[in-house]
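What follows is a short report on a single structure.
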Amino acid sequence: MKDASFPERPVVLVTGASRGIGAATALAAARDGWAVIVNYLRNAEAAASVVDAIRAEGGDAYAVAADVGSEADVTRLFAEVDRLAGRLDALVNNAGLLGSAVSAADMGEADLLPLFRANVFGLAACTREAVRRMSTQRGGRGGTIVNLSSMAARSGGQVGWAHYAATKGAVDSLTIAMARELGAHGIRINAVRPGLIATEIHDHRGGIAALQPVRAQIPLGRIGDPEDVAGTVTWLMSPRAAFVHGALIDVSGGR
């Protein structure tokens, strides 16, 4: 039963939305008139800040904790979406892990499994649950899905991060393959591939300051902001992108 306090407006679930690109996307979507389910893993305070920021601007948002790398948590997350909203119109598969650098000579299951569980298995599980709710063949009203990939899927990324690049290559392949199936269900699916973006994901390797030398390789001459990516994601969610389906869109400043 839908929560009576939830507004009658289109609903988007943004996974990993407590910070970085996810938080920027949640805010941008709210400004476009979406009610936002802000998913987070552990940082309840950061998620609450995103919710508060949306509500301060007159929007509607609710935070739900769940680990998208866990099948049980994904099931619970979507049950909570059902309870709160009674509908789902868009899914942004943003949650994911970067992991730690590892050489090809040392890479093992312990390096691969956590990244694939979060970046690939979790994305597939969330997509499955969204399709079950959105599909016009299942009584839904259709919808849109945006996956967050990475330019590493195309370039291979930095040395030591082949395992991360591999997960994002899988995201690209899933996006293209699912597009062939989901169009008939009234669902558009696309992926955005960010380049170097100033987010907390870089903190464990010296922060964005340590990556400043890379800026010289970016034709636009700057490192991207989360809002640069969020604008592309919300465009893909909008009617303005009604004929964009199965696309991989680079947001990289030309690099």
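Ordering of the structure tokens sets the chain letters (A, B, ...); residue numbers start at 1 within each chain; ligands are numbered from 1 in the order shown.
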
> Which neighbours of Ala165 of chain A fall inside 8 Å, counting only C-alpha atoms, when residues of the same chain fewer than 2 positions from it are skipped, and could you give them as a list in words?
Replying inline: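 The neighbour list is Ser150, Ala152, Ala153, Gly156, Gly157, Trp161, Ala162, His163, Thr167, Lys168 and Gly169 of chain A.
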
How about saving the chosen residues, N, CA and C atoms kept, as a PDB file, in the first residue's frame?
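Done, and the output landed in again.pdb:
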```
ATOM      1  N   SER A 150      31.741   4.013 -17.129  1.00  0.00           N
ATOM      2  CA  SER A 150      32.969   4.791 -16.946  1.00  0.00           C
ATOM      3  C   SER A 150      33.743   4.790 -18.249  1.00  0.00           C
ATOM      4  N   ALA A 152      36.646   4.209 -18.344  1.00  0.00           N
ATOM      5  CA  ALA A 152      37.568   3.080 -18.193  1.00  0.00           C
ATOM      6  C   ALA A 152      37.106   1.870 -18.986  1.00  0.00           C
ATOM      7  N   ALA A 153      35.799   1.768 -19.239  1.00  0.00           N
ATOM      8  CA  ALA A 153      35.292   0.651 -20.041  1.00  0.00           C
ATOM      9  C   ALA A 153      35.865   0.685 -21.443  1.00  0.00           C
ATOM     10  N   GLY A 156      40.345   1.195 -20.658  1.00  0.00           N
ATOM     11  CA  GLY A 156      41.044   0.280 -19.766  1.00  0.00           C
ATOM     12  C   GLY A 156      41.423   0.916 -18.448  1.00  0.00           C
ATOM     13  N   GLY A 157      41.281   2.239 -18.361  1.00  0.00           N
ATOM     14  CA  GLY A 157      41.575   2.933 -17.104  1.00  0.00           C
ATOM     15  C   GLY A 157      43.054   2.985 -16.815  1.00  0.00           C
ATOM     16  N   TRP A 161      43.990  -1.039 -12.448  1.00  0.00           N
ATOM     17  CA  TRP A 161      42.544  -0.976 -12.249  1.00  0.00           C
ATOM     18  C   TRP A 161      41.794  -1.736 -13.346  1.00  0.00           C
ATOM     19  N   ALA A 162      42.410  -2.786 -13.858  1.00  0.00           N
ATOM     20  CA  ALA A 162      41.772  -3.582 -14.912  1.00  0.00           C
ATOM     21  C   ALA A 162      40.477  -4.214 -14.428  1.00  0.00           C
ATOM     22  N   HIS A 163      40.445  -4.608 -13.160  1.00  0.00           N
ATOM     23  CA  HIS A 163      39.240  -5.251 -12.627  1.00  0.00           C
ATOM     24  C   HIS A 163      38.060  -4.280 -12.595  1.00  0.00           C
ATOM     25  N   THR A 167      34.460  -4.380 -14.957  1.00  0.00           N
ATOM     26  CA  THR A 167      33.062  -4.273 -14.498  1.00  0.00           C
ATOM     27  C   THR A 167      32.304  -3.241 -15.310  1.00  0.00           C
ATOM     28  N   LYS A 168      32.962  -2.161 -15.674  1.00  0.00           N
ATOM     29  CA  LYS A 168      32.278  -1.126 -16.447  1.00  0.00           C
ATOM     30  C   LYS A 168      32.098  -1.552 -17.913  1.00  0.00           C
ATOM     31  N   GLY A 169      33.007  -2.379 -18.416  1.00  0.00           N
ATOM     32  CA  GLY A 169      32.786  -2.964 -19.722  1.00  0.00           C
ATOM     33  C   GLY A 169      31.541  -3.839 -19.716  1.00  0.00           C
TER      34      GLY A 169
END
```

>> Could you list, as a PyMOL selection string, every residue within 12 Å of Ala170 of chain A, counting only C-alpha atoms and ignoring same-chain residues fewer than 2 positions away?
In response: chain A and resi 115-117+119-121+123-124+147-150+152-154+163-168+172-178+191

Those selected residues, please, written with N, CA and C atoms and delivered as a compact mmCIF listing (two decimals), in the first residue's frame.
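File part.txt, as written:
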```txt
# COMPACT_ATOMS: atom_id res chain seq x y z
N LEU A 115 33.86 -6.13 -6.54
CA LEU A 115 33.55 -5.16 -7.59
C LEU A 115 32.45 -5.66 -8.51
N PHE A 116 32.53 -6.92 -8.91
CA PHE A 116 31.48 -7.45 -9.78
C PHE A 116 30.15 -7.55 -9.04
N ARG A 117 30.21 -7.86 -7.75
CA ARG A 117 28.96 -7.95 -6.99
C ARG A 117 28.27 -6.59 -6.93
N ASN A 119 29.08 -3.67 -8.85
CA ASN A 119 28.99 -2.92 -10.11
C ASN A 119 28.21 -3.64 -11.21
N VAL A 120 28.15 -4.96 -11.14
CA VAL A 120 27.49 -5.72 -12.21
C VAL A 120 26.30 -6.51 -11.67
N PHE A 121 26.54 -7.37 -10.67
CA PHE A 121 25.43 -8.17 -10.15
C PHE A 121 24.34 -7.27 -9.56
N LEU A 123 23.71 -4.08 -10.29
CA LEU A 123 23.03 -3.36 -11.38
C LEU A 123 22.01 -4.27 -12.06
N ALA A 124 22.40 -5.53 -12.31
CA ALA A 124 21.47 -6.45 -12.97
C ALA A 124 20.26 -6.73 -12.09
N ASN A 147 22.30 3.73 -16.60
CA ASN A 147 23.40 3.05 -15.92
C ASN A 147 24.63 3.95 -15.91
N LEU A 148 25.33 3.96 -14.79
CA LEU A 148 26.59 4.70 -14.71
C LEU A 148 27.73 3.75 -15.02
N SER A 149 28.35 3.97 -16.17
CA SER A 149 29.51 3.22 -16.58
C SER A 149 30.75 4.06 -16.28
N SER A 150 31.74 4.01 -17.13
CA SER A 150 32.97 4.79 -16.95
C SER A 150 33.74 4.79 -18.25
N ALA A 152 36.65 4.21 -18.34
CA ALA A 152 37.57 3.08 -18.19
C ALA A 152 37.11 1.87 -18.99
N ALA A 153 35.80 1.77 -19.24
CA ALA A 153 35.29 0.65 -20.04
C ALA A 153 35.87 0.68 -21.44
N ARG A 154 36.17 1.87 -21.95
CA ARG A 154 36.70 2.04 -23.30
C ARG A 154 38.22 2.08 -23.31
N HIS A 163 40.45 -4.61 -13.16
CA HIS A 163 39.24 -5.25 -12.63
C HIS A 163 38.06 -4.28 -12.59
N TYR A 164 38.34 -3.02 -12.26
CA TYR A 164 37.28 -2.00 -12.28
C TYR A 164 36.82 -1.75 -13.71
N ALA A 165 37.78 -1.60 -14.63
CA ALA A 165 37.44 -1.37 -16.03
C ALA A 165 36.60 -2.52 -16.57
N ALA A 166 36.90 -3.74 -16.16
CA ALA A 166 36.15 -4.90 -16.62
C ALA A 166 34.69 -4.83 -16.18
N THR A 167 34.46 -4.38 -14.96
CA THR A 167 33.06 -4.27 -14.50
C THR A 167 32.30 -3.24 -15.31
N LYS A 168 32.96 -2.16 -15.67
CA LYS A 168 32.28 -1.13 -16.45
C LYS A 168 32.10 -1.55 -17.91
N ASP A 172 28.49 -1.62 -19.95
CA ASP A 172 28.23 -1.21 -21.34
C ASP A 172 27.53 -2.33 -22.11
N SER A 173 28.04 -3.55 -21.99
CA SER A 173 27.47 -4.67 -22.72
C SER A 173 26.04 -4.96 -22.27
N LEU A 174 25.79 -4.90 -20.97
CA LEU A 174 24.44 -5.11 -20.45
C LEU A 174 23.48 -4.05 -20.98
N THR A 175 23.94 -2.83 -21.03
CA THR A 175 23.09 -1.73 -21.52
C THR A 175 22.68 -1.96 -22.96
N ILE A 176 23.65 -2.28 -23.81
CA ILE A 176 23.37 -2.49 -25.24
C ILE A 176 22.46 -3.70 -25.44
N ALA A 177 22.77 -4.80 -24.74
CA ALA A 177 21.99 -6.02 -24.91
C ALA A 177 20.57 -5.86 -24.37
N MET A 178 20.43 -5.22 -23.21
CA MET A 178 19.10 -5.04 -22.64
C MET A 178 18.24 -4.09 -23.46
N ALA A 191 23.41 4.32 -21.00
CA ALA A 191 24.51 4.43 -20.03
C ALA A 191 25.27 5.72 -20.24
```

> Using only C-alpha atoms, which residue out of A:Asp82, A:Ala23, A:Val68, A:His245 lies closest to Ala53 of chain A?
Replying inline: A:Ala23

>> Restricting the calculation to only C-alpha atoms: of A:Ala44, A:Ala130, A:Ile189, A:Ile223, which residue gets closest to Arg87 of chain A?
In response: A:Ala130

If we count only C-alpha atoms and set the cut-off at 8 Å, which residues sit around Ala30 of chain A, ignoring sequence neighbours fewer than 2 positions away in its own chain? Please answer as a PDB file with C-alpha atoms, in the first residue's frame.
```pdb
ATOM      1  CA  ALA A  26      19.148  13.130  -7.022  1.00  0.00           C
ATOM      2  CA  LEU A  27      19.173  16.918  -6.647  1.00  0.00           C
ATOM      3  CA  ALA A  28      18.970  17.542 -10.397  1.00  0.00           C
ATOM      4  CA  ASP A  32      13.088  18.530 -12.804  1.00  0.00           C
ATOM      5  CA  GLY A  33       9.995  17.497 -10.864  1.00  0.00           C
ATOM      6  CA  TRP A  34      10.848  13.937  -9.853  1.00  0.00           C
ATOM      7  CA  ALA A  35      10.187  12.489  -6.426  1.00  0.00           C
ATOM      8  CA  VAL A  36      13.457  10.809  -5.445  1.00  0.00           C
ATOM      9  CA  ILE A  54      15.756  18.426  -1.925  1.00  0.00           C
ATOM     10  CA  GLY A  59      10.924  18.688  -3.662  1.00  0.00           C
ATOM     11  CA  ASP A  60      10.103  15.257  -2.301  1.00  0.00           C
ATOM     12  CA  ALA A  61      12.724  12.711  -1.291  1.00  0.00           C
TER      13      ALA A  61
END
```

Mind checking which residues fall within 6 Å of segment 14-16 of chain A, counting only C-alpha atoms, ignoring those fewer than 2 positions away in the same chain, and posting them as a PDB file with N, CA and C atoms, in the first residue's frame?
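And here is the file that came out, selection07.pdb:
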```pdb
ATOM      1  N   SER A  18      24.039   9.093  -1.831  1.00  0.00           N
ATOM      2  CA  SER A  18      24.359   9.918  -0.670  1.00  0.00           C
ATOM      3  C   SER A  18      25.511  10.882  -0.926  1.00  0.00           C
ATOM      4  N   GLY A  22      25.818  10.427  -7.606  1.00  0.00           N
ATOM      5  CA  GLY A  22      24.480  10.020  -7.183  1.00  0.00           C
ATOM      6  C   GLY A  22      23.726  11.135  -6.502  1.00  0.00           C
ATOM      7  N   VAL A  38      16.335   8.113  -2.388  1.00  0.00           N
ATOM      8  CA  VAL A  38      17.781   8.246  -2.223  1.00  0.00           C
ATOM      9  C   VAL A  38      18.298   6.979  -1.543  1.00  0.00           C
ATOM     10  N   ASN A  39      18.887   6.090  -2.332  1.00  0.00           N
ATOM     11  CA  ASN A  39      19.464   4.881  -1.751  1.00  0.00           C
ATOM     12  C   ASN A  39      20.881   5.160  -1.268  1.00  0.00           C
ATOM     13  N   TYR A  40      21.246   4.521  -0.151  1.00  0.00           N
ATOM     14  CA  TYR A  40      22.606   4.647   0.367  1.00  0.00           C
ATOM     15  C   TYR A  40      22.984   3.342   1.052  1.00  0.00           C
ATOM     16  N   VAL A  92      18.186   4.929 -11.714  1.00  0.00           N
ATOM     17  CA  VAL A  92      19.564   5.310 -12.023  1.00  0.00           C
ATOM     18  C   VAL A  92      20.476   4.363 -11.263  1.00  0.00           C
ATOM     19  N   ASN A  93      21.138   3.472 -11.999  1.00  0.00           N
ATOM     20  CA  ASN A  93      22.068   2.504 -11.403  1.00  0.00           C
ATOM     21  C   ASN A  93      23.427   3.178 -11.236  1.00  0.00           C
ATOM     22  N   ASN A  94      23.578   3.873 -10.116  1.00  0.00           N
ATOM     23  CA  ASN A  94      24.796   4.633  -9.868  1.00  0.00           C
ATOM     24  C   ASN A  94      25.725   3.968  -8.865  1.00  0.00           C
ATOM     25  N   ALA A  95      25.187   3.198  -7.929  1.00  0.00           N
ATOM     26  CA  ALA A  95      26.008   2.616  -6.862  1.00  0.00           C
ATOM     27  C   ALA A  95      27.094   1.723  -7.439  1.00  0.00           C
TER      28      ALA A  95
END
```

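Proximity ranking of A:Met134, A:Ala241, A:Val214, A:Leu248 relative to Leu88 of chain A places A:Met134 first, based on only C-alpha atoms.
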
>> Residues of segment 11-83 of chain A classed as helix (DSSP H, G or I) by DSSP on the backbone are to be reported as number ranges by chain.
In response: A: 20-31, 44-56, 71-83

>> I need the strand (DSSP E or B) residues of segment 49-186 of chain A per DSSP on the backbone, written as a list of chain:residue names.
In response: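 Here is the list: A:Ala61, A:Tyr62, A:Ala63, A:Val64, A:Ala65, A:Ala90, A:Leu91, A:Val92, A:Asn93, A:Gly143, A:Thr144, A:Ile145, A:Val146, A:Asn147, A:Leu148.
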